[in-house]
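**Student:** Just so it is clear, I am handing over protein-v1.txt, which has compact mmCIF, C-alpha atoms.
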# COMPACT_ATOMS: atom_id res chain seq x y z
CA MET A 1 76.41 -145.97 -14.29
CA LYS A 2 77.13 -143.14 -16.66
CA TRP A 3 77.43 -140.89 -13.67
CA LYS A 4 80.73 -142.24 -12.36
CA PRO A 5 82.86 -141.26 -15.35
CA ALA A 6 81.20 -137.88 -15.32
CA LEU A 7 82.15 -137.07 -11.75
CA PRO A 8 85.75 -135.99 -12.40
CA LEU A 9 84.47 -133.77 -15.17
CA ALA A 10 81.85 -132.35 -12.86
CA LEU A 11 84.51 -131.61 -10.26
CA LEU A 12 86.61 -129.86 -12.87
CA LEU A 13 83.57 -127.92 -13.98
CA SER A 14 83.01 -126.83 -10.40
CA LEU A 15 86.23 -124.89 -10.65
CA ILE A 16 85.37 -123.13 -13.85
CA LEU A 17 81.60 -123.19 -14.30
CA THR A 18 79.57 -120.63 -12.47
CA ALA A 19 76.50 -119.31 -14.14
CA ALA A 20 74.36 -116.47 -12.94
CA VAL A 21 70.79 -115.53 -13.54
CA SER A 22 69.35 -112.33 -12.27
CA ALA A 23 65.84 -111.07 -12.64
CA HIS A 24 63.39 -108.82 -10.97
CA GLY A 25 65.50 -108.38 -7.89
CA VAL A 26 66.76 -111.95 -7.67
CA LYS A 27 70.04 -113.56 -8.62
CA ILE A 28 70.69 -117.30 -8.44
CA GLU A 29 74.17 -118.71 -8.82
CA TYR A 30 75.05 -122.35 -8.92
CA THR A 31 78.18 -124.43 -8.64
CA ILE A 32 78.40 -128.06 -9.74
CA GLY A 33 80.61 -130.37 -7.71
CA MET A 34 79.85 -133.64 -5.96
CA SER A 35 76.64 -131.84 -5.17
CA VAL A 36 75.05 -128.75 -6.62
CA GLU A 37 75.14 -125.62 -4.54
CA ILE A 38 72.98 -122.67 -5.37
CA VAL A 39 73.19 -119.22 -3.84
CA ALA A 40 70.14 -116.97 -4.17
CA ALA A 41 70.27 -113.26 -3.46
CA TYR A 42 68.38 -110.10 -4.23
CA ASP A 43 69.95 -107.67 -6.64
CA THR A 44 71.07 -105.64 -3.65
CA GLY A 45 73.26 -108.57 -2.63
CA GLU A 46 71.09 -109.45 0.34
CA PRO A 47 70.86 -113.26 0.61
CA MET A 48 67.43 -114.81 0.11
CA ALA A 49 67.50 -116.33 3.58
CA GLY A 50 64.55 -118.70 3.91
CA GLY A 51 63.84 -118.66 0.17
CA GLN A 52 61.60 -121.52 -0.99
CA VAL A 53 63.50 -123.90 -3.24
CA THR A 54 61.89 -126.32 -5.68
CA VAL A 55 64.05 -128.73 -7.65
CA TYR A 56 62.74 -130.47 -10.79
CA ALA A 57 64.50 -133.51 -12.26
CA PRO A 58 64.78 -133.76 -16.06
CA ASP A 59 62.63 -136.86 -16.36
CA GLU A 60 59.63 -135.54 -14.44
CA PRO A 61 59.26 -131.82 -15.09
CA SER A 62 55.83 -131.35 -13.56
CA THR A 63 56.55 -132.88 -10.16
CA PRO A 64 59.01 -131.39 -7.68
CA TRP A 65 61.89 -133.79 -7.10
CA LEU A 66 62.91 -131.94 -3.97
CA THR A 67 61.80 -128.91 -2.02
CA GLY A 68 63.69 -127.04 0.65
CA ILE A 69 64.63 -123.73 2.17
CA CYS A 70 67.70 -121.56 1.62
CA ASP A 71 69.88 -121.07 4.68
CA GLU A 72 70.84 -117.70 6.18
CA GLY A 73 73.31 -117.12 3.39
CA GLY A 74 70.77 -117.92 0.66
CA ARG A 75 72.48 -121.27 0.07
CA PHE A 76 70.89 -124.58 -0.81
CA VAL A 77 72.73 -127.80 -1.59
CA PHE A 78 71.36 -130.90 -3.23
CA THR A 79 72.78 -134.02 -4.83
CA PRO A 80 71.10 -134.90 -8.13
CA ASP A 81 70.13 -138.48 -8.85
CA PRO A 82 73.01 -139.83 -10.96
CA ALA A 83 70.55 -141.92 -12.94
CA LYS A 84 68.92 -138.77 -14.26
CA PRO A 85 71.36 -136.81 -16.39
CA GLY A 86 70.00 -133.77 -18.14
CA THR A 87 68.89 -130.29 -17.23
CA TRP A 88 67.83 -129.89 -13.63
CA ASP A 89 65.67 -126.85 -12.96
CA VAL A 90 65.80 -125.04 -9.64
CA GLN A 91 63.30 -122.37 -8.66
CA VAL A 92 63.80 -120.02 -5.71
CA ARG A 93 61.03 -117.72 -4.50
CA GLN A 94 60.43 -115.39 -1.61
CA ALA A 95 57.84 -112.69 -1.02
CA GLY A 96 56.87 -112.20 -4.63
CA HIS A 97 60.39 -112.38 -5.96
CA GLY A 98 61.60 -115.42 -7.77
CA ASP A 99 63.62 -116.94 -10.54
CA MET A 100 64.53 -120.28 -12.05
CA VAL A 101 67.95 -121.53 -13.02
CA HIS A 102 68.64 -124.43 -15.39
CA ILE A 103 71.60 -126.62 -14.47
CA PRO A 104 73.10 -129.15 -16.89
CA ILE A 105 74.08 -132.32 -15.08
CA GLY A 106 75.89 -135.31 -16.53
CA ASP A 107 76.10 -136.21 -20.19
CA ASN A 108 73.06 -134.37 -21.40
CA VAL A 109 72.74 -135.43 -24.99
CA ALA A 110 69.32 -133.83 -25.43
CA VAL A 111 67.72 -136.71 -27.28
CA SER A 112 64.36 -136.35 -25.69
CA GLY A 113 61.85 -135.76 -28.40
CA SER A 114 63.87 -133.45 -30.58
CA THR A 115 62.66 -135.15 -33.69
CA GLY A 116 59.15 -135.67 -32.44
CA TYR A 117 59.23 -139.46 -33.09
CA THR A 118 59.26 -142.31 -30.64
CA PRO A 119 62.14 -144.83 -30.78
CA LEU A 120 59.73 -147.43 -32.18
CA GLN A 121 58.73 -145.10 -34.99
CA ILE A 122 62.36 -144.33 -35.80
CA VAL A 123 63.20 -148.05 -35.97
CA LEU A 124 60.20 -148.79 -38.19
CA MET A 125 60.93 -145.90 -40.52
CA GLY A 126 64.53 -147.05 -40.81
CA ALA A 127 63.32 -150.56 -41.59
CA CYS A 128 61.02 -149.17 -44.28
CA VAL A 129 63.91 -147.36 -45.95
CA VAL A 130 66.06 -150.51 -45.94
CA TRP A 131 63.16 -152.57 -47.24
CA GLY A 132 62.69 -150.01 -49.99
CA PHE A 133 66.28 -150.45 -51.17
CA ILE A 134 65.97 -154.22 -51.06
CA GLY A 135 62.67 -154.14 -52.89
CA THR A 136 64.03 -151.86 -55.60
CA ALA A 137 67.05 -154.11 -56.07
CA LEU A 138 64.85 -157.20 -56.31
CA PHE A 139 62.57 -155.47 -58.80
CA PHE A 140 65.39 -154.62 -61.20
CA SER A 141 67.09 -157.99 -60.76
CA ARG A 142 63.84 -159.73 -61.71
CA ARG A 143 63.45 -157.55 -64.81
CA ARG A 144 66.89 -158.57 -66.02
CA ALA A 145 66.07 -162.23 -65.39
CA MET B 1 54.60 -163.19 -57.02
CA ARG B 2 55.38 -159.81 -58.50
CA LYS B 3 51.87 -158.61 -57.63
CA SER B 4 52.11 -159.73 -54.04
CA PHE B 5 55.53 -158.08 -53.75
CA ALA B 6 54.12 -154.79 -55.03
CA THR B 7 51.22 -155.07 -52.60
CA LEU B 8 53.64 -155.62 -49.75
CA MET B 9 55.62 -152.56 -50.79
CA ILE B 10 52.49 -150.40 -50.90
CA LEU B 11 51.36 -151.64 -47.51
CA THR B 12 54.80 -150.90 -46.08
CA LEU B 13 54.72 -147.36 -47.44
CA LEU B 14 51.20 -146.83 -46.13
CA ALA B 15 52.20 -148.08 -42.69
CA SER B 16 55.19 -145.76 -42.55
CA THR B 17 53.03 -142.85 -43.71
CA VAL B 18 50.52 -143.53 -41.00
CA LEU B 19 53.25 -143.80 -38.41
CA VAL B 20 54.80 -140.53 -39.48
CA GLY B 21 51.42 -138.85 -39.81
CA CYS B 22 50.47 -139.88 -36.32
CA GLY B 23 53.95 -138.99 -35.10
CA GLY B 24 53.94 -137.21 -31.78
CA GLU B 25 51.19 -137.28 -29.23
CA LYS B 26 48.88 -134.31 -28.94
CA GLY B 27 47.12 -132.29 -26.29
CA THR B 28 45.50 -128.92 -25.70
CA PHE B 29 47.47 -125.84 -24.75
CA GLN B 30 45.74 -122.91 -23.05
CA PHE B 31 46.84 -119.32 -22.62
CA TYR B 32 45.78 -117.24 -19.62
CA ALA B 33 46.15 -113.57 -18.70
CA ASN B 34 46.44 -112.56 -15.06
CA GLY B 35 46.43 -109.11 -13.46
CA GLU B 36 46.88 -110.74 -10.07
CA ASP B 37 45.17 -109.71 -6.84
CA PHE B 38 46.56 -106.20 -7.33
CA VAL B 39 44.04 -105.68 -10.12
CA ARG B 40 41.21 -107.85 -8.82
CA GLN B 41 41.30 -106.61 -5.22
CA GLY B 42 43.05 -103.28 -5.50
CA PHE B 43 46.05 -102.18 -3.45
CA VAL B 44 47.69 -99.19 -1.81
CA SER B 45 50.32 -97.45 -3.89
CA LYS B 46 53.74 -96.62 -2.55
CA ASP B 47 52.53 -93.08 -1.81
CA GLY B 48 49.41 -94.12 0.06
CA TRP B 49 46.68 -94.04 -2.60
CA ALA B 50 44.15 -96.86 -2.30
CA ILE B 51 43.58 -97.91 -5.89
CA THR B 52 40.76 -100.05 -7.24
CA PHE B 53 40.29 -101.03 -10.85
CA ASP B 54 37.06 -101.10 -12.86
CA HIS B 55 38.68 -102.26 -16.08
CA VAL B 56 42.18 -103.11 -17.18
CA TYR B 57 42.10 -103.83 -20.89
CA VAL B 58 45.14 -105.42 -22.47
CA THR B 59 45.21 -106.33 -26.14
CA LEU B 60 47.32 -109.37 -26.90
CA ALA B 61 48.61 -110.68 -30.20
CA GLU B 62 51.14 -113.22 -31.50
CA VAL B 63 50.75 -115.23 -28.31
CA THR B 64 53.13 -118.19 -28.59
CA ALA B 65 54.46 -120.86 -26.25
CA TYR B 66 57.73 -122.62 -27.05
CA GLN B 67 59.57 -125.78 -26.17
CA SER B 68 62.83 -123.92 -25.86
CA ASP B 69 66.12 -125.83 -25.95
CA PRO B 70 68.24 -124.54 -24.35
CA PRO B 71 65.87 -122.94 -21.83
CA TYR B 72 65.28 -119.33 -22.79
CA ASP B 73 67.16 -116.76 -20.74
CA PRO B 74 65.25 -113.44 -20.81
CA HIS B 75 68.27 -111.59 -19.44
CA GLU B 76 70.22 -112.36 -22.58
CA GLY B 77 67.34 -111.30 -24.78
CA ALA B 78 68.30 -113.62 -27.62
CA GLN B 79 65.92 -115.47 -29.93
CA VAL B 80 64.04 -118.43 -28.51
CA GLN B 81 65.57 -121.68 -29.80
CA SER B 82 62.37 -123.61 -30.24
CA ARG B 83 61.87 -127.30 -30.94
CA SER B 84 58.12 -126.93 -31.05
CA GLN B 85 55.66 -124.13 -30.51
CA ALA B 86 51.96 -123.43 -30.05
CA SER B 87 50.57 -120.15 -31.34
CA LEU B 88 47.24 -118.54 -30.65
CA ASP B 89 45.65 -116.95 -33.69
CA GLY B 90 44.21 -113.48 -33.67
CA THR B 91 44.23 -110.43 -31.43
CA HIS B 92 42.51 -110.59 -28.07
CA THR B 93 41.41 -107.73 -25.82
CA MET B 94 41.01 -108.97 -22.26
CA ASP B 95 39.76 -107.17 -19.15
CA LEU B 96 42.10 -108.21 -16.35
CA ALA B 97 39.68 -106.76 -13.78
CA GLU B 98 36.88 -109.03 -14.96
CA GLY B 99 35.22 -111.14 -12.28
CA GLY B 100 35.24 -110.73 -8.54
CA GLU B 101 38.03 -110.23 -6.07
CA ASN B 102 38.84 -113.92 -6.15
CA ALA B 103 38.32 -114.51 -9.85
CA PRO B 104 40.77 -116.89 -11.52
CA PRO B 105 43.12 -115.80 -14.30
CA ILE B 106 41.33 -115.16 -17.58
CA LEU B 107 41.40 -117.69 -20.40
CA VAL B 108 42.57 -115.95 -23.56
CA GLY B 109 42.32 -118.98 -25.82
CA GLU B 110 43.52 -122.47 -26.49
CA VAL B 111 45.27 -124.43 -29.21
CA ARG B 112 44.23 -128.03 -29.80
CA ASP B 113 46.26 -130.86 -31.31
CA THR B 114 49.44 -129.41 -29.93
CA ALA B 115 52.59 -131.50 -29.68
CA THR B 116 53.24 -132.81 -26.20
CA GLY B 117 56.29 -131.67 -24.23
CA HIS B 118 57.44 -128.98 -21.89
CA TYR B 119 56.61 -125.46 -23.07
CA ASN B 120 59.12 -123.46 -21.11
CA ALA B 121 59.06 -120.10 -22.88
CA LEU B 122 56.32 -117.68 -23.86
CA SER B 123 56.07 -114.55 -25.95
CA TRP B 124 53.33 -112.10 -26.81
CA GLU B 125 52.75 -108.64 -28.14
CA MET B 126 50.65 -105.86 -26.65
CA VAL B 127 49.14 -103.99 -29.58
CA PRO B 128 46.52 -101.27 -29.98
CA ALA B 129 43.01 -102.72 -30.09
CA SER B 130 41.21 -102.30 -33.41
CA GLY B 131 37.84 -101.79 -31.75
CA GLY B 132 35.87 -102.06 -28.56
CA PRO B 133 36.43 -100.20 -25.29
CA ALA B 134 40.21 -100.11 -25.75
CA ALA B 135 40.22 -99.10 -29.42
CA GLY B 136 43.51 -97.53 -30.38
CA TYR B 137 45.32 -98.56 -27.22
CA SER B 138 47.34 -101.57 -26.12
CA LEU B 139 46.52 -100.92 -22.45
CA VAL B 140 43.66 -99.03 -20.84
CA VAL B 141 43.49 -98.75 -17.05
CA VAL B 142 40.23 -97.48 -15.56
CA GLY B 143 39.82 -97.08 -11.82
CA THR B 144 39.53 -94.95 -8.74
CA ALA B 145 42.17 -93.84 -6.26
CA GLU B 146 41.45 -92.50 -2.79
CA LYS B 147 43.66 -90.89 -0.21
CA GLY B 148 42.81 -88.70 2.77
CA GLY B 149 39.28 -88.01 1.58
CA GLN B 150 40.39 -87.13 -1.93
CA THR B 151 39.12 -89.24 -4.81
CA VAL B 152 40.48 -89.43 -8.34
CA ASP B 153 38.70 -91.29 -11.13
CA PHE B 154 41.29 -92.13 -13.71
CA THR B 155 41.53 -93.55 -17.20
CA ILE B 156 45.09 -94.08 -18.32
CA LYS B 157 45.50 -95.12 -21.94
CA ILE B 158 48.72 -96.47 -23.40
CA GLU B 159 49.11 -96.50 -27.16
CA THR B 160 52.64 -97.92 -27.21
CA GLU B 161 53.26 -101.45 -28.51
CA TYR B 162 55.37 -103.89 -26.54
CA THR B 163 56.78 -107.35 -27.20
CA TYR B 164 57.45 -109.61 -24.25
CA THR B 165 59.60 -112.74 -24.52
CA CYS B 166 59.78 -114.75 -21.35
CA GLY B 167 61.36 -117.82 -19.89
CA GLU B 168 59.61 -120.26 -17.67
CA TYR B 169 56.71 -119.49 -15.34
CA VAL B 170 57.85 -118.98 -11.76
CA GLY B 171 55.21 -119.61 -9.13
CA ASP B 172 53.38 -122.08 -6.94
CA GLU B 173 53.04 -124.66 -9.66
CA ARG B 174 54.93 -125.65 -12.74
CA LYS B 175 53.17 -124.77 -15.95
CA GLY B 176 53.54 -125.78 -19.55
CA VAL B 177 54.05 -129.55 -19.27
CA LEU B 178 51.70 -131.00 -21.89
CA GLN B 179 51.04 -134.72 -21.86
CA ALA B 180 49.15 -136.86 -24.39
CA ASP B 181 45.43 -136.05 -24.46
CA GLY B 182 46.02 -133.64 -21.60
CA THR B 183 45.81 -129.91 -21.08
CA ALA B 184 48.59 -127.56 -20.08
CA ASP B 185 48.73 -123.79 -19.84
CA ALA B 186 50.91 -120.73 -19.84
CA GLU B 187 50.21 -117.44 -18.10
CA MET B 188 50.86 -113.87 -19.14
CA THR B 189 51.13 -112.09 -15.81
CA PHE B 190 50.92 -108.30 -15.48
CA HIS B 191 52.49 -106.59 -12.46
CA PHE B 192 50.72 -103.29 -11.91
CA ASP B 193 52.55 -102.70 -8.66
CA HIS B 194 55.50 -101.87 -10.90
CA VAL B 195 53.65 -98.79 -12.09
CA PHE B 196 52.12 -97.55 -8.85
CA GLY B 197 54.42 -99.12 -6.24
CA ASP B 198 53.21 -101.10 -3.26
CA ALA B 199 52.84 -99.76 0.28
CA GLU B 200 53.38 -103.26 1.64
CA THR B 201 56.81 -103.49 0.05
CA PRO B 202 59.77 -101.68 1.65
CA MET B 203 60.22 -98.22 0.18
CA ASP B 204 63.87 -98.95 -0.58
CA ASP B 205 62.92 -102.04 -2.62
CA GLU B 206 63.72 -101.71 -6.30
CA LEU B 207 60.06 -102.17 -7.10
CA ASN B 208 59.12 -98.99 -5.25
CA ILE B 209 62.21 -97.09 -6.31
CA GLY B 210 61.31 -97.63 -9.97
CA ALA B 211 57.56 -97.10 -9.59
CA VAL B 212 55.84 -93.83 -10.47
CA GLY B 213 53.34 -94.09 -7.61
CA PHE B 214 49.93 -92.46 -7.98
CA GLU B 215 50.65 -88.98 -6.63
CA PRO B 216 51.87 -87.63 -9.99
CA PHE B 217 48.64 -88.81 -11.64
CA ALA B 218 46.56 -87.27 -8.82
CA GLU B 219 48.32 -83.94 -9.26
CA ALA B 220 47.57 -84.05 -12.97
CA ALA B 221 43.85 -84.69 -12.39
CA GLU B 222 41.34 -81.89 -12.81
CA GLY B 223 38.12 -81.88 -10.80
CA GLY B 224 38.91 -85.34 -9.49
CA ARG B 225 39.27 -86.82 -12.96
CA LEU B 226 42.20 -87.84 -15.11
CA ASP B 227 41.69 -89.17 -18.64
CA ALA B 228 44.88 -89.19 -20.64
CA ASP B 229 46.93 -91.20 -23.09
CA MET B 230 50.72 -91.17 -23.24
CA ALA B 231 50.79 -87.99 -25.27
CA GLY B 232 48.47 -86.34 -22.76
CA LEU B 233 50.48 -87.65 -19.82
CA GLN B 234 53.66 -86.26 -21.29
CA ALA B 235 52.01 -82.86 -21.19
CA VAL B 236 50.79 -83.04 -17.60
CA LEU B 237 53.43 -85.11 -15.80
CA SER B 238 56.85 -83.79 -14.89
CA ALA B 239 59.60 -84.88 -17.27
CA GLY B 240 61.02 -87.16 -14.58
CA ASP B 241 57.70 -88.83 -13.77
CA TYR B 242 56.84 -89.28 -17.44
CA GLN B 243 60.22 -90.86 -18.14
CA MET B 244 59.77 -93.13 -15.14
CA LEU B 245 56.43 -94.28 -16.61
CA VAL B 246 58.01 -94.86 -20.01
CA ASP B 247 60.78 -96.89 -18.40
CA ILE B 248 58.55 -99.00 -16.18
CA LEU B 249 55.83 -100.00 -18.65
CA PRO B 250 58.06 -102.48 -20.51
CA THR B 251 58.49 -104.37 -17.21
CA LEU B 252 54.75 -104.93 -16.83
CA GLY B 253 54.76 -108.37 -18.44
CA HIS B 254 55.90 -111.41 -16.49
CA VAL B 255 55.35 -115.16 -16.34
CA GLY B 256 54.24 -115.49 -12.74
CA GLU B 257 57.24 -114.04 -10.94
CA GLY B 258 59.49 -114.90 -13.86
CA HIS B 259 61.13 -112.12 -15.81
CA CYS B 260 60.63 -111.22 -19.48
CA HIS B 261 62.72 -109.56 -22.11
CA SER B 262 60.75 -106.68 -23.58
CA GLU B 263 60.95 -104.48 -26.61
CA THR B 264 59.10 -101.22 -27.13
CA HIS B 265 57.81 -100.37 -30.59
Please lay out the structure from this file as structure tokens.
**Tutor:**
Amino acid sequence: MKWKPALPLALLLSLILTAAVSAHGVKIEYTIGMSVEIVAAYDTGEPMAGGQVTVYAPDEPSTPWLTGICDEGGRFVFTPDPAKPGTWDVQVRQAGHGDMVHIPIGDNVAVSGSTGYTPLQIVLMGACVVWGFIGTALFFSRRRA
Amino acid sequence: MRKSFATLMILTLLASTVLVGCGGEKGTFQFYANGEDFVRQGFVSKDGWAITFDHVYVTLAEVTAYQSDPPYDPHEGAQVQSRSQASLDGTHTMDLAEGGENAPPILVGEVRDTATGHYNALSWEMVPASGGPAAGYSLVVVGTAEKGGQTVDFTIKIETEYTYTCGEYVGDERKGVLQADGTADAEMTFHFDHVFGDAETPMDDELNIGAVGFEPFAEAAEGGRLDADMAGLQAVLSAGDYQMLVDILPTLGHVGEGHCHSETH
């Protein structure tokens, strides 16, 4: 559901956001619109026609979400799952050359594990802090009584 | 009443301590070094020398994997922004030519009780070994090259230190995703075709254009033998070939096919 409001923004970004990664003879560019289009080429400018593409969704980094092949122009288009906002990783390889590009999609708020605690732990720790305040207040109120 | 209240408070604090102490699931993270089939099986250089390797000693230190957010871009060469990291203690000299032609990558070491998550960046240093067969050198390459009935036994010793900082592994599988009670790994990959070139790659490919090849080393050999460190190579190679070697060595380190930012010390 969060995807729908983000679409106009994504379309706007498609006009202004083009990132490039080049490495070891490979350059991958991507454009975000209704879909994501990547263009992979060697440093010489030659398109990576037939390049092997592997797309990883943010929620399942170890399993390919999609695989495919670049067309004659080194292009590959995919439509991310709107229910999975975050950083989508796309790898393109061919004949020992390869690179990976990281594409932010949707409202990536980067909450996943940055503190190292699970939501349950955060809630319980918060409850402990509140309980501490209450307990302290009760302790001093009893002393006065 | 007061006593039971105090007991409840203590229990609450203990519970929160345990929760925090146990915070984050753990697993084991392993570090591998890989000279690829080029080292294990040998290959033909860009100038037609069939090269086989007896030993390729690399000495690794400060080996660290990171959960980088944002993902590390080696082309920018900035610092890794790490949420969590796993570091391997000590200095390790590994022989990348160890094992047979189909030997797997070599386990350098592992770190237990590592926080789970996706380790998407890796860095390491190549430093001179303090002892053993590679003492004094960060890289020692021992092998034989043959071409047209001519044979050269070579030992090339590199004393220079390098730091490699890399993004994510690029290859057949995705590496670095550590789950609870599981095992994940990262790979330091060394591309020796960058130094000697590869006859199976087009000659106008950047890899071959930037490679020294083996011919300059063969010309520097005496009596079919070459045993030299960087200082010695500077004396026997042409200025252009020596500079090409200096320029290409920092590109040796990769993560699979993924690129690394490197610094020479």
**Student:** Could you work out how far CA of Pro85 in chain A lies from CA of Val26 in chain A, giving the answer in Å with one decimal?
**Tutor:** 26.7 Å
**Student:** Given the choices B:Pro105, B:Gly42, B:Gly256, B:Gly48, which gets closest to Gly167 in chain B if the distance is worked out from only C-alpha atoms?
**Tutor:**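 Between B:Pro105, B:Gly42, B:Gly256, B:Gly48, the residue approaching Gly167 in chain B most closely is B:Gly256.
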**Student:** Between CA of Tyr57 in chain B and CA of Thr93 in chain B, what is the distance, to one decimal in Å?
**Tutor:**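 One can read the CA of Tyr57 in chain B to CA of Thr93 in chain B distance as 6.3 Å.
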**Student:** Hey, which of A:Gly96, A:Ile103, A:Ile134, A:Phe140 ends up closest to chain B? Count only C-alpha atoms.
**Tutor:**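 Nearest candidate to chain B out of A:Gly96, A:Ile103, A:Ile134, A:Phe140: A:Gly96.
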**Student:** List as a ChimeraX atom specification the protein and nucleic acid residues near Arg174 in chain B, meaning an atom at most 12 Å away when only C-alpha atoms are counted, but skip any in the same chain fewer than 3 places from it.
**Tutor:** /A:54-56,60-64,89-91,100 /B:118-120,168-171,177-178,184-187,255-258
**Student:** May I have the protein, DNA and RNA residues with an atom at most 12 Å from (46.3, -115.3, -31.7), counting only C-alpha atoms in the file's coordinates, returned as a VMD selection string?
**Tutor:** chain B and resid 30 to 31 59 to 65 86 to 93 108 to 111 123 to 127
**Student:** Please determine, counting only C-alpha atoms, which residue among B:Phe43, B:Phe217, B:Tyr72, B:Tyr162 has the shortest atom-to-atom distance to chain A.
**Tutor:**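 Between B:Phe43, B:Phe217, B:Tyr72, B:Tyr162, the residue approaching chain A most closely is B:Tyr72.
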**Student:** Please list as a PyMOL selection string every residue within 8 Å of Glu37 in chain A, counting all atoms listed in the file and excluding residues in the same chain fewer than 2 positions away.
**Tutor:** chain A and resi 30-33+35+39+75-78
**Student:** Using only C-alpha atoms, find all polymer residues with an atom at most 9 Å away from the point (53.9, -93.3, -6.3); report them as JSON, numbers by chain.
**Tutor:** {"B": [45, 46, 47, 48, 49, 195, 196, 197, 198, 208, 211, 212, 213, 214, 215, 216, 217]}
**Student:** Report, in Å to a single decimal, how far apart CA of Ile38 in chain A and CA of Leu66 in chain A are.
**Tutor:**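 Going from CA of Leu66 in chain A over to CA of Ile38 in chain A, I get 13.8 Å.
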**Student:** Show me, as a count of residues only, the residues that have an atom within 10 Å of Gly100 in chain B when counting all atoms listed in the file, minus same-chain residues fewer than 4 positions from it.
**Tutor:** 3
**Student:** Report as number ranges by chain all protein, DNA and RNA residues lying within 10 Å of range 220-227 of chain B, evaluated on all atoms listed in the file, omitting residues in the same chain fewer than 4 positions from it.
**Tutor:** B: 141-142, 144-145, 150-157, 215-216, 232-233, 235-238
**Student:** Listed atoms of range 65-83 of chain B, axis-aligned box, 4 Å per side: centre and edge lengths to one decimal in Å, as lines of an AutoDock Vina configuration file?
**Tutor:**
center_x = 62.3
center_y = -119.3
center_z = -25.2
size_x = 23.8
size_y = 24.0
size_z = 19.5
**Student:** Using all atoms listed in the file, can you tell me which of B:Pro133, B:Pro128, B:Gly99, B:Gly253 comes closest to chain A?
**Tutor:** B:Gly253
**Student:** Could you complete range 67-79 of chain A so that it carries N, CA and C atoms, and give it back as a CSV table (one decimal), in the coordinates of the input?
**Tutor:**
chain,number,residue,atom,x,y,z
A,67,THR,N,62.1,-130.3,-2.4
A,67,THR,CA,61.8,-128.9,-2.0
A,67,THR,C,62.6,-128.6,-0.8
A,68,GLY,N,62.9,-127.4,-0.5
A,68,GLY,CA,63.7,-127.0,0.6
A,68,GLY,C,63.7,-125.5,0.9
A,69,ILE,N,64.5,-125.1,1.8
A,69,ILE,CA,64.6,-123.7,2.2
A,69,ILE,C,66.1,-123.3,2.1
A,70,CYS,N,66.3,-122.1,1.6
A,70,CYS,CA,67.7,-121.6,1.6
A,70,CYS,C,68.1,-121.2,3.1
A,71,ASP,N,69.4,-121.4,3.3
A,71,ASP,CA,69.9,-121.1,4.7
A,71,ASP,C,70.1,-119.6,4.8
A,72,GLU,N,70.7,-119.1,5.9
A,72,GLU,CA,70.8,-117.7,6.2
A,72,GLU,C,71.6,-117.0,5.1
A,73,GLY,N,72.5,-117.7,4.4
A,73,GLY,CA,73.3,-117.1,3.4
A,73,GLY,C,72.7,-117.3,2.0
A,74,GLY,N,71.4,-117.7,1.9
A,74,GLY,CA,70.8,-117.9,0.7
A,74,GLY,C,71.2,-119.2,-0.1
A,75,ARG,N,71.9,-120.1,0.7
A,75,ARG,CA,72.5,-121.3,0.1
A,75,ARG,C,71.5,-122.5,0.2
A,76,PHE,N,71.6,-123.3,-0.8
A,76,PHE,CA,70.9,-124.6,-0.8
A,76,PHE,C,71.7,-125.6,-1.6
A,77,VAL,N,71.9,-126.8,-1.0
A,77,VAL,CA,72.7,-127.8,-1.6
A,77,VAL,C,71.9,-129.1,-1.8
A,78,PHE,N,72.0,-129.6,-3.0
A,78,PHE,CA,71.4,-130.9,-3.2
A,78,PHE,C,72.2,-131.8,-4.1
A,79,THR,N,72.0,-133.1,-4.0
A,79,THR,CA,72.8,-134.0,-4.8
A,79,THR,C,71.8,-134.7,-5.8
